[in-house]
>>> print(open('data.tsv').read())   # TSV, C-alpha atoms and all ligand atoms
chain	number	residue	atom	x	y	z
A	981	MET	CA	-32.00	46.58	27.41
A	982	LYS	CA	-33.01	45.32	30.85
A	983	ALA	CA	-30.32	43.94	33.16
A	984	SER	CA	-31.89	40.46	33.06
A	985	SER	CA	-31.87	40.32	29.23
A	986	ARG	CA	-28.24	41.50	29.22
A	987	ILE	CA	-27.30	38.66	31.54
A	988	ALA	CA	-29.20	36.17	29.35
A	989	LEU	CA	-27.44	37.51	26.25
A	990	ALA	CA	-24.07	37.22	28.00
A	991	PHE	CA	-24.79	33.56	28.81
A	992	VAL	CA	-25.74	32.82	25.21
A	993	LEU	CA	-22.53	34.49	23.95
A	994	ILE	CA	-20.37	32.54	26.43
A	995	GLY	CA	-22.09	29.32	25.35
A	996	LEU	CA	-21.40	30.08	21.69
A	997	ALA	CA	-17.76	30.86	22.46
A	998	ILE	CA	-17.33	27.51	24.24
A	999	ILE	CA	-18.84	25.65	21.28
A	1000	ALA	CA	-16.55	27.52	18.87
A	1001	VAL	CA	-13.43	26.65	20.91
A	1002	GLN	CA	-14.44	22.96	21.08
A	1003	LEU	CA	-15.06	22.87	17.33
A	1004	ALA	CA	-11.67	24.46	16.63
A	1005	ARG	CA	-9.98	21.89	18.88
A	1006	LEU	CA	-11.74	19.01	17.16
A	1007	THR	CA	-10.82	20.31	13.70
A	1008	SER	CA	-7.16	20.71	14.59
A	1009	ARG	CA	-7.15	17.23	16.12
A	1010	VAL	CA	-8.56	15.69	12.94
A	1011	ALA	CA	-6.08	17.63	10.80
A	1012	ASP	CA	-3.25	16.50	13.05
A	1013	LEU	CA	-4.35	12.86	12.85
A	1014	ASP	CA	-4.58	13.12	9.10
A	1015	ALA	CA	-1.10	14.59	8.83
A	1016	ARG	CA	0.30	11.93	11.13
A	1017	LEU	CA	-1.33	9.16	9.15
A	1018	ASN	CA	0.09	10.52	5.92
A	1019	ALA	CA	3.53	10.72	7.44
A	1020	LEU	CA	3.20	7.17	8.72
A	1021	GLU	CA	2.01	5.90	5.39
A	1022	GLU	CA	5.10	7.10	3.60
A	1023	ALA	CA	7.34	6.01	6.42
A	1024	LYS	CA	6.07	2.59	5.53
A	1025	ALA	CA	6.42	3.00	1.82
A	1026	PRO	CA	10.08	2.45	0.87
A	1027	PRO	CA	10.59	-1.20	0.03
A	1028	ASN	CA	14.08	-1.12	1.51
A	1029	GLU	CA	12.81	0.12	4.84
A	1030	THR	CA	14.19	-1.25	8.05
A	1031	ARG	CA	11.03	-1.87	10.04
A	1032	THR	CA	10.68	-5.17	11.77
A	1033	GLN	CA	7.04	-6.06	11.31
A	1034	ASP	CA	5.70	-9.21	9.76
A	1035	GLU	CA	9.04	-10.94	9.71
A	1036	GLU	CA	8.54	-12.55	13.06
A	1037	PRO	CA	8.06	-16.28	12.93
A	1038	THR	CA	4.35	-16.83	13.32
A	1039	LYS	CA	4.52	-18.70	16.57
A	1040	GLY	CA	4.04	-17.67	20.14
A	1041	SER	CA	0.86	-16.85	21.88
A	1042	GLY	CA	-0.83	-13.78	23.18
A	1043	SER	CA	-4.32	-12.54	23.20
A	1044	PRO	CA	-5.58	-9.00	23.07
A	1045	ASP	CA	-5.30	-7.27	26.37
A	1046	GLY	CA	-7.12	-4.10	27.22
A	1047	SER	CA	-4.31	-1.67	26.56
A	1048	VAL	CA	-3.35	-3.08	23.18
A	1049	HIS	CA	-6.97	-3.10	22.14
A	1050	ARG	CA	-7.39	0.55	23.02
A	1051	THR	CA	-4.42	1.42	20.82
A	1052	ALA	CA	-6.06	-0.30	17.89
A	1053	GLU	CA	-9.29	1.59	18.45
A	1054	ALA	CA	-7.49	4.90	18.74
A	1055	LYS	CA	-5.80	4.20	15.42
A	1056	ALA	CA	-9.13	3.29	13.86
A	1057	GLU	CA	-10.52	6.77	14.54
A	1058	GLY	CA	-8.32	8.42	11.97
A	1059	LYS	CA	-8.68	5.81	9.30
A	1060	GLY	CA	-11.70	7.24	7.56
A	1061	THR	CA	-9.34	9.69	5.93
A	1062	GLU	CA	-7.69	6.83	4.02
A	1063	GLN	CA	-10.89	5.80	2.31
A	1064	ALA	CA	-11.47	8.78	0.04
A	1065	PRO	CA	-10.34	8.27	-3.55
A	1066	PRO	CA	-7.55	10.64	-4.61
A	1067	PRO	CA	-8.98	13.95	-5.86
A	1068	ALA	CA	-8.38	14.95	-9.48
A	1069	ARG	CA	-5.29	17.07	-9.93
A	1070	THR	CA	-4.71	19.83	-12.39
A	1071	GLU	CA	-1.75	19.93	-14.73
A	1072	GLU	CA	-0.52	23.10	-13.00
A	1073	GLN	CA	0.30	21.11	-9.89
A	1074	LEU	CA	2.43	18.58	-11.73
A	1075	GLN	CA	6.18	18.95	-11.86
A	1076	THR	CA	8.84	17.27	-13.94
A	1077	PHE	CA	12.10	15.99	-12.53
A	1078	ARG	CA	14.99	14.81	-14.67
A	1079	GLY	CA	18.04	13.13	-13.25
A	1080	SER	CA	20.58	10.45	-13.89
A	1081	ILE	CA	21.37	7.27	-12.03
A	1082	SER	CA	24.38	7.76	-9.79
A	1083	LYS	CA	26.77	5.40	-8.03
A	1084	LYS	CA	24.13	5.18	-5.32
A	1085	GLY	CA	21.67	3.67	-7.78
A	1086	LEU	CA	18.10	4.72	-8.50
A	1087	CYS	CA	17.60	6.96	-5.47
A	1088	GLY	CA	20.87	8.75	-6.18
A	1089	ALA	CA	19.10	10.25	-9.21
A	1090	PHE	CA	16.63	12.02	-6.89
A	1091	GLU	CA	19.18	13.35	-4.40
A	1092	LYS	CA	18.69	16.96	-5.50
A	1093	LEU	CA	15.12	16.81	-4.22
A	1094	GLY	CA	16.28	15.97	-0.69
A	1095	LYS	CA	13.77	14.18	1.53
A	1096	LYS	CA	11.05	14.56	-1.10
A	1097	GLY	CA	13.36	12.70	-3.47
A	1098	ASP	CA	13.48	9.67	-1.16
A	1099	VAL	CA	9.69	9.55	-1.02
A	1100	ILE	CA	9.40	9.78	-4.82
A	1101	CYS	CA	12.17	7.26	-5.36
A	1102	ALA	CA	10.48	4.68	-3.13
A	1103	HIS	CA	7.31	5.02	-5.16
A	1104	VAL	CA	9.13	4.87	-8.50
A	1105	ALA	CA	11.07	1.79	-7.36
A	1106	ARG	CA	7.83	-0.06	-6.62
A	1107	VAL	CA	6.71	0.51	-10.21
A	1108	LEU	CA	10.02	-0.17	-11.95
A	1109	ARG	CA	10.74	-3.39	-10.08
A	1110	TRP	CA	8.03	-5.10	-12.12
A	1111	ARG	CA	10.02	-4.38	-15.30
A	1112	LEU	CA	13.65	-4.42	-14.29
A	1113	ASP	CA	16.18	-5.51	-11.72
A	1114	LEU	CA	16.91	-2.25	-9.91
A	1115	ARG	CA	20.50	-3.28	-9.17
A	1116	ARG	CA	21.54	-4.98	-12.38
A	1117	ASP	CA	19.59	-3.14	-15.08
A	1118	LEU	CA	20.27	0.45	-14.02
A	1119	ARG	CA	23.71	1.86	-14.74
A	1120	LYS	CA	25.43	5.04	-13.69
A	1121	GLY	CA	24.49	7.78	-16.12
A	1122	ASP	CA	21.17	6.24	-17.22
A	1123	ARG	CA	18.56	8.96	-17.53
A	1124	ILE	CA	15.32	9.05	-15.58
A	1125	ALA	CA	12.42	11.51	-15.78
A	1126	VAL	CA	9.30	11.61	-13.64
A	1127	VAL	CA	6.17	13.72	-13.74
A	1128	TYR	CA	4.81	14.02	-10.24
A	1129	GLY	CA	2.59	15.94	-7.87
A	1130	TRP	CA	1.49	15.62	-4.26
A	1131	LEU	CA	-1.79	14.26	-3.02
A	1132	ARG	CA	-2.28	16.08	0.27
A	1133	ASP	CA	1.19	17.10	1.33
A	1134	GLU	CA	4.79	16.29	0.59
A	1135	ASN	CA	4.57	12.85	2.15
A	1136	GLU	CA	2.25	11.41	-0.40
A	1137	PRO	CA	3.51	11.60	-3.97
A	1138	VAL	CA	1.44	10.97	-7.04
A	1139	VAL	CA	3.78	9.84	-9.79
A	1140	GLU	CA	1.99	10.27	-13.11
A	1141	ALA	CA	4.76	9.19	-15.46
A	1142	ILE	CA	8.17	7.55	-15.34
A	1143	GLY	CA	10.69	7.34	-18.16
A	1144	VAL	CA	13.95	5.42	-18.02
A	1145	GLU	CA	16.50	5.64	-20.81
A	1146	GLY	CA	19.65	3.52	-20.65
A	1147	LYS	CA	20.50	-0.14	-20.94
A	1148	VAL	CA	16.78	-0.69	-20.43
A	1149	ARG	CA	14.03	1.60	-21.67
A	1150	VAL	CA	10.83	1.90	-19.63
A	1151	ARG	CA	7.81	4.14	-19.95
A	1152	ALA	CA	5.14	3.96	-17.25
A	1153	TYR	CA	1.98	6.06	-17.16
A	1154	ARG	CA	-0.46	6.18	-14.29
A	1155	PHE	CA	-3.99	5.42	-15.42
A	1156	ARG	CA	-7.21	4.24	-13.81
A	1157	ALA	CA	-8.90	1.59	-15.92
A	1158	GLY	CA	-12.68	1.25	-15.91
A	1159	GLY	CA	-14.04	-0.72	-12.98
A	1160	ASP	CA	-10.83	-0.38	-10.95
A	1161	PRO	CA	-10.94	1.40	-7.60
A	1162	TYR	CA	-7.36	2.63	-8.02
A	1163	ALA	CA	-5.01	3.73	-10.76
A	1164	SER	CA	-2.28	1.39	-11.96
A	1165	TYR	CA	0.67	1.86	-14.34
A	1166	PHE	CA	0.67	1.00	-18.04
A	1167	ASP	CA	3.33	1.04	-20.74
A	1168	GLU	CA	3.02	2.76	-24.12
A	1169	GLN	CA	1.12	-0.22	-25.54
A	1170	GLY	CA	-1.48	-0.03	-22.80
A	1171	MET	CA	-0.17	-3.14	-21.05
A	1172	GLU	CA	-0.26	-3.02	-17.28
A	1173	ILE	CA	3.13	-3.00	-15.54
A	1174	PRO	CA	2.34	-4.40	-12.06
A	1175	ALA	CA	0.88	-7.90	-12.11
A	1176	ARG	CA	-2.29	-8.98	-10.33
A	1177	LEU	CA	-2.85	-12.29	-8.57
A	1178	VAL	CA	-5.40	-14.80	-9.85
A	1179	ASN	CA	-7.52	-15.71	-6.78
A	1180	SER	CA	-6.09	-12.72	-4.95
A	1181	PRO	CA	-6.84	-12.41	-1.24
A	1182	ILE	CA	-7.71	-8.75	-1.90
A	1183	ASP	CA	-8.85	-6.83	-4.98
A	1184	GLY	CA	-9.39	-3.29	-3.70
A	1185	TYR	CA	-5.76	-2.42	-3.04
A	1186	GLU	CA	-3.70	0.53	-4.16
A	1187	GLN	CA	-0.32	-1.06	-4.59
A	1188	ILE	CA	1.84	-3.94	-3.39
A	1189	THR	CA	4.10	-2.00	-1.04
A	1190	ALA	CA	6.35	-4.80	0.25
A	1191	PHE	CA	7.46	-7.94	-1.53
A	1192	PHE	CA	8.55	-11.39	-0.40
A	1193	GLY	CA	12.19	-11.33	0.65
A	1194	ASP	CA	12.45	-7.55	1.01
A	1195	ARG	CA	15.16	-6.74	3.48
A	1196	ARG	CA	14.04	-5.42	6.86
A	1197	GLY	CA	17.30	-4.79	8.64
A	1198	ARG	CA	18.66	-8.27	9.25
A	1199	LYS	CA	15.35	-9.94	8.56
A	1200	ARG	CA	13.45	-10.73	5.42
A	1201	HIS	CA	9.83	-10.02	4.72
A	1202	LEU	CA	7.93	-13.29	4.72
A	1203	GLY	CA	4.91	-12.32	2.66
A	1204	ILE	CA	3.57	-9.52	0.52
A	1205	ASP	CA	1.86	-6.34	1.72
A	1206	PHE	CA	-1.14	-4.87	-0.07
A	1207	LYS	CA	-1.81	-1.21	0.75
A	1208	ALA	CA	-5.59	-0.96	1.22
A	1209	PRO	CA	-8.01	1.15	3.25
A	1210	VAL	CA	-9.36	-0.35	6.46
A	1211	GLY	CA	-12.50	-2.36	5.73
A	1212	THR	CA	-11.51	-3.73	2.31
A	1213	PRO	CA	-12.87	-7.30	1.87
A	1214	VAL	CA	-10.30	-10.08	2.25
A	1215	ARG	CA	-11.13	-13.37	0.51
A	1216	SER	CA	-9.78	-16.84	0.94
A	1217	PRO	CA	-7.76	-17.82	-2.15
A	1218	PHE	CA	-8.30	-21.49	-1.25
A	1219	ASP	CA	-10.72	-24.08	0.03
A	1220	GLY	CA	-9.58	-24.97	3.51
A	1221	VAL	CA	-10.11	-24.81	7.25
A	1222	VAL	CA	-9.42	-21.93	9.61
A	1223	VAL	CA	-6.96	-23.37	12.12
A	1224	ARG	CA	-6.28	-20.37	14.32
A	1225	LYS	CA	-6.88	-16.68	14.78
A	1226	ASN	CA	-5.43	-13.72	16.71
A	1227	TRP	CA	-2.18	-15.37	17.85
A	1228	ASN	CA	0.76	-13.08	18.74
A	1229	TRP	CA	-1.73	-10.23	18.72
A	1230	ARG	CA	0.74	-7.50	19.61
A	1231	ASN	CA	2.58	-8.03	16.30
A	1232	ASN	CA	-0.01	-9.60	14.05
A	1233	GLY	CA	-3.16	-7.84	15.21
A	1234	ASN	CA	-6.36	-9.58	14.24
A	1235	CYS	CA	-5.20	-12.46	12.09
A	1236	ILE	CA	-6.32	-15.72	10.50
A	1237	GLU	CA	-4.52	-18.87	9.42
A	1238	ILE	CA	-6.07	-21.29	6.96
A	1239	LYS	CA	-4.87	-24.85	6.32
A	1240	VAL	CA	-5.18	-25.25	2.56
A	1241	ASP	CA	-7.04	-28.35	1.34
A	1242	GLY	CA	-4.95	-30.95	-0.47
A	1243	GLU	CA	-1.60	-29.28	0.20
A	1244	GLU	CA	0.82	-29.10	3.06
A	1245	MET	CA	0.41	-25.35	3.17
A	1246	TYR	CA	-0.95	-22.60	5.40
A	1247	ALA	CA	-2.23	-19.19	4.29
A	1248	ILE	CA	-1.77	-16.36	6.78
A	1249	PHE	CA	-3.55	-12.99	6.85
A	1250	LEU	CA	-2.35	-10.32	9.29
A	1251	HIS	CA	-3.38	-6.85	10.58
A	1252	LEU	CA	-7.08	-7.41	9.87
A	1253	ASP	CA	-9.90	-5.23	11.09
A	1254	LYS	CA	-12.92	-7.49	11.52
A	1255	LEU	CA	-12.88	-11.27	11.21
A	1256	LYS	CA	-15.78	-13.06	9.55
A	1257	VAL	CA	-14.63	-16.58	10.42
A	1258	GLY	CA	-13.26	-18.38	13.46
A	1259	ALA	CA	-11.08	-21.39	14.23
A	1260	GLY	CA	-12.66	-24.62	12.93
A	1261	ASP	CA	-14.68	-22.93	10.17
A	1262	ARG	CA	-14.53	-24.36	6.67
A	1263	VAL	CA	-13.96	-21.77	3.95
A	1264	LYS	CA	-14.39	-21.95	0.19
A	1265	LYS	CA	-12.22	-20.21	-2.36
A	1266	GLY	CA	-13.56	-16.65	-2.77
A	1267	ASP	CA	-15.34	-16.47	0.60
A	1268	VAL	CA	-14.94	-13.16	2.41
A	1269	ILE	CA	-13.06	-14.09	5.57
A	1270	ALA	CA	-12.30	-10.64	7.00
A	1271	ALA	CA	-12.01	-6.91	6.42
A	1272	SER	CA	-8.47	-5.59	6.04
A	1273	GLY	CA	-7.21	-3.33	8.79
A	1274	ASN	CA	-4.37	-1.69	10.63
A	1275	THR	CA	-4.14	-3.79	13.82
A	1276	GLY	CA	-1.01	-5.07	15.53
A	1277	ARG	CA	2.40	-3.67	14.71
A	1278	THR	CA	1.79	-1.62	11.57
A	1279	THR	CA	2.47	1.90	10.42
A	1280	ALA	CA	-0.33	2.12	7.85
A	1281	PRO	CA	-3.41	0.14	6.80
A	1282	HIS	CA	-2.42	-2.93	4.79
A	1283	LEU	CA	-2.96	-6.67	4.39
A	1284	HIS	CA	0.04	-8.92	4.99
A	1285	TYR	CA	-0.47	-12.16	3.05
A	1286	GLN	CA	1.85	-15.09	3.60
A	1287	LEU	CA	2.05	-18.69	2.40
A	1288	ASP	CA	3.87	-21.22	4.58
A	1289	ARG	CA	4.66	-24.52	2.95
A	1290	VAL	CA	5.48	-27.46	5.21
A	1291	VAL	CA	8.72	-29.08	4.08
A	1292	ARG	CA	9.93	-32.10	6.08
A	1293	GLY	CA	7.84	-31.05	9.03
A	1294	ARG	CA	9.07	-27.45	8.98
A	1295	ARG	CA	7.30	-24.37	7.76
A	1296	LYS	CA	8.93	-22.53	4.91
A	1297	PRO	CA	7.39	-19.28	3.65
A	1298	ILE	CA	7.18	-19.11	-0.15
A	1299	ASP	CA	6.68	-16.16	-2.49
A	1300	PRO	CA	2.93	-15.71	-3.13
A	1301	LEU	CA	3.79	-14.04	-6.46
A	1302	LYS	CA	5.44	-17.29	-7.56
A	1303	TYR	CA	2.68	-19.52	-6.21
A	1304	HIS	CA	-0.30	-17.63	-7.66
A	1305	ARG	CA	-0.87	-17.34	-11.35
A	1306	LEU	CA	-0.51	-13.68	-12.38
A	1307	TYR	CA	-2.21	-11.52	-14.97
A	1308	ARG	CA	-2.08	-7.98	-16.26
A	1309	LYS	CA	-4.74	-5.75	-17.75
A	1310	LYS	CA	-4.49	-4.83	-21.40
A	1311	LEU	CA	-6.29	-1.58	-22.28
A	1312	GLU	CA	-8.47	-1.82	-25.35
A	1313	GLY	CA	-10.83	0.14	-27.57
A	1314	GLU	CA	-12.07	3.46	-26.27
A	1315	GLU	CA	-10.18	3.04	-23.03
A	1316	LEU	CA	-6.92	2.56	-24.92
A	1317	ASP	CA	-7.65	5.76	-26.86
A	1318	ARG	CA	-8.27	7.63	-23.61
A	1319	PHE	CA	-5.03	6.23	-22.19
A	1320	ARG	CA	-3.03	7.15	-25.28
A	1321	ALA	CA	-4.28	10.74	-25.13
A	1322	ARG	CA	-3.24	10.95	-21.48
A	1323	ALA	CA	0.15	9.33	-22.15
A	1324	LYS	CA	0.78	11.86	-24.91
A	1325	GLU	CA	0.17	14.77	-22.51
A	1326	LEU	CA	2.52	13.23	-20.00
A	1327	GLN	CA	5.18	12.58	-22.64
A	1328	THR	CA	5.16	16.30	-23.43
A	1329	LEU	CA	5.65	17.09	-19.74
A	1330	MET	CA	8.50	14.57	-19.48
A	1331	ARG	CA	10.57	16.09	-22.27
B	1	ZN	ZN	4.01	-7.68	5.65
>>> encode(input="data.tsv", output="structure tokens")
Amino acid sequence: MKASSRIALAFVLIGLAIIAVQLARLTSRVADLDARLNALEEAKAPPNETRTQDEEPTKGSGSPDGSVHRTAEAKAEGKGTEQAPPPARTEEQLQTFRGSISKKGLCGAFEKLGKKGDVICAHVARVLRWRLDLRRDLRKGDRIAVVYGWLRDENEPVVEAIGVEGKVRVRAYRFRAGGDPYASYFDEQGMEIPARLVNSPIDGYEQITAFFGDRRGRKRHLGIDFKAPVGTPVRSPFDGVVVRKNWNWRNNGNCIEIKVDGEEMYAIFLHLDKLKVGAGDRVKKGDVIAASGNTGRTTAPHLHYQLDRVVRGRRKPIDPLKYHRLYRKKLEGEELDRFRARAKELQTLMR
């Protein structure tokens, strides 16, 4: 080989090496972001968490400044990873845990699992709270069994089945009904356990992860949080007028407030991605007003939805789950058969 071709070959090899190193860096960065997002997501999950977001009174001013905006964009980069539907899991990956309620309550039952137990307990609590009062209805010694696996790592549990045996008996099986983007939980009769809102501000959500009145340290949560990937359509549940947007940006992120027609009430939507309406716009019930996001002070993508009623000139947040009519899916026909077959498999694993 001539000297000149050797030099050319050397250049090509160096070039390839540089590309390989850059690719490796990029891959590890994406993996790191993904891992961090997963960790954040679960950090957000327990309903008895002590974060202090969304409880702030919704006054004050503040508009996006450059630095805050950059943070939001940086966060947005990693969010694509939240959009993929959970992959199918094999039975081999599922595990069964059996425990009993201790003095410490529900999560005491999962103590043996350590940190993983806390993560699973938080998820289980968000299902059971639709059927029972976690403080009053669970007694020391009551038995609980769960069939669970992990989605990507041990921060993101997939709880396939829950059984409670004690003063109250509950059976909950995870199942994705036709036409739904996410799985929900159903009892042995095929009746859904979590309720859905009529005229919901969001349909494509995974779970309600924080409820009205949940304790956040010394504060109370003033709305409800829907866990949903960035970009999920947010609709106005009411006819009304947009009265303001993007106030207190550092906490609320991109946000909208609607004065509801015919009532002394305001509907508030926080942590949005893109807004489709601005102050002064009239909206009709069902109009898409924004895409859900992860802006402002959040630890994971979600929609915070709040209803403020004006009582004697003062705003008083009310529970959206008490204001909205609620409904639950009832599985029928072939779908019920499919569900029953799945529930039977899970029952065997729970024993
Ligand atoms: Zn919230």
>>> residues_near_ligand(input="data.tsv", ligand="ligand ZN 1 (chain B)", cutoff="6 Å", atoms="all atoms listed in the file", output="list of chain:residue names")
A:Asp1034, A:Gly1203, A:Ile1204, A:Asp1205, A:His1284
>>> atom_distance(input="data.tsv", atom1="CA of Lys1324 in chain A", atom2="CA of Leu1112 in chain A")
23.3 Å
>>> residues_near_point(input="data.tsv", point="(-6.1, -16.0, -7.8)", cutoff="9 Å", atoms="all atoms listed in the file", output="list in words")
Arg1176, Leu1177, Val1178, Asn1179, Ser1180, Pro1181, Pro1217, Phe1218, His1304, Arg1305 and Leu1306 of chain A
>>> write_last_selection(input="data.tsv", atoms="C-alpha atoms", output="mmCIF file, in the coordinates of the input")
data_model
loop_
_atom_site.group_PDB
_atom_site.id
_atom_site.type_symbol
_atom_site.label_atom_id
_atom_site.label_comp_id
_atom_site.auth_asym_id
_atom_site.auth_seq_id
_atom_site.Cartn_x
_atom_site.Cartn_y
_atom_site.Cartn_z
ATOM 1 C CA ARG A 1176 -2.290 -8.980 -10.330
ATOM 2 C CA LEU A 1177 -2.850 -12.290 -8.570
ATOM 3 C CA VAL A 1178 -5.400 -14.800 -9.850
ATOM 4 C CA ASN A 1179 -7.520 -15.710 -6.780
ATOM 5 C CA SER A 1180 -6.090 -12.720 -4.950
ATOM 6 C CA PRO A 1181 -6.840 -12.410 -1.240
ATOM 7 C CA PRO A 1217 -7.760 -17.820 -2.150
ATOM 8 C CA PHE A 1218 -8.300 -21.490 -1.250
ATOM 9 C CA HIS A 1304 -0.300 -17.630 -7.660
ATOM 10 C CA ARG A 1305 -0.870 -17.340 -11.350
ATOM 11 C CA LEU A 1306 -0.510 -13.680 -12.380
#
>>> closest_residue(input="data.tsv", among="A:Leu1283, A:Ala1259, A:Val1223, A:Leu1093", to="Glu1186 in chain A", atoms="only C-alpha atoms")
A:Leu1283
>>> closest_residue(input="data.tsv", among="A:Ala1105, A:Leu1250, A:Ala1125, A:Val1221", to="His1282 in chain A", atoms="all atoms listed in the file")
A:Leu1250
>>> closest_atom_pairs(input="data.tsv", of="range 1123-1216 of chain A", to="range 1308-1312 of chain A", cutoff="9 Å", atoms="only C-alpha atoms", output="Markdown table")
| residue | atom | partner | partner_atom | distance |
| --- | --- | --- | --- | --- |
| A:Ala1157 | CA | A:Leu1311 | CA | 7.6 |
| A:Phe1166 | CA | A:Lys1310 | CA | 8.5 |
| A:Gln1169 | CA | A:Leu1311 | CA | 8.2 |
| A:Gly1170 | CA | A:Leu1311 | CA | 5.1 |
| A:Met1171 | CA | A:Lys1310 | CA | 4.7 |
| A:Glu1172 | CA | A:Lys1309 | CA | 5.3 |
| A:Ile1173 | CA | A:Arg1308 | CA | 7.2 |
| A:Pro1174 | CA | A:Arg1308 | CA | 7.1 |
| A:Ala1175 | CA | A:Arg1308 | CA | 5.1 |
| A:Arg1176 | CA | A:Arg1308 | CA | 6.0 |
| A:Leu1177 | CA | A:Arg1308 | CA | 8.8 |
>>> atom_distance(input="data.tsv", atom1="CA of Trp1130 in chain A", atom2="CA of Gly1143 in chain A")
18.6 Å
>>> residues_around(input="data.tsv", residues="Ala1271 in chain A", least_positions_apart="2", cutoff="6 Å", atoms="all atoms listed in the file", output="list in words")
Gly1211, Thr1212, Pro1213, Val1214, Asp1253 and Lys1254 of chain A
>>> residues_around(input="data.tsv", residues="range 1077-1091 of chain A", least_positions_apart="6", cutoff="9 Å", atoms="only C-alpha atoms", output="list of chain:residue names")
A:Gly1097, A:Asp1098, A:Ile1100, A:Cys1101, A:Ala1102, A:Val1104, A:Ala1105, A:Leu1114, A:Arg1115, A:Leu1118, A:Arg1119, A:Lys1120, A:Gly1121, A:Asp1122, A:Arg1123, A:Ile1124, A:Ala1125, A:Val1126, A:Val1127, A:Tyr1128, A:Met1330, A:Arg1331
>>> atom_distance(input="data.tsv", atom1="CA of Arg1289 in chain A", atom2="CA of Asp1219 in chain A")
15.7 Å
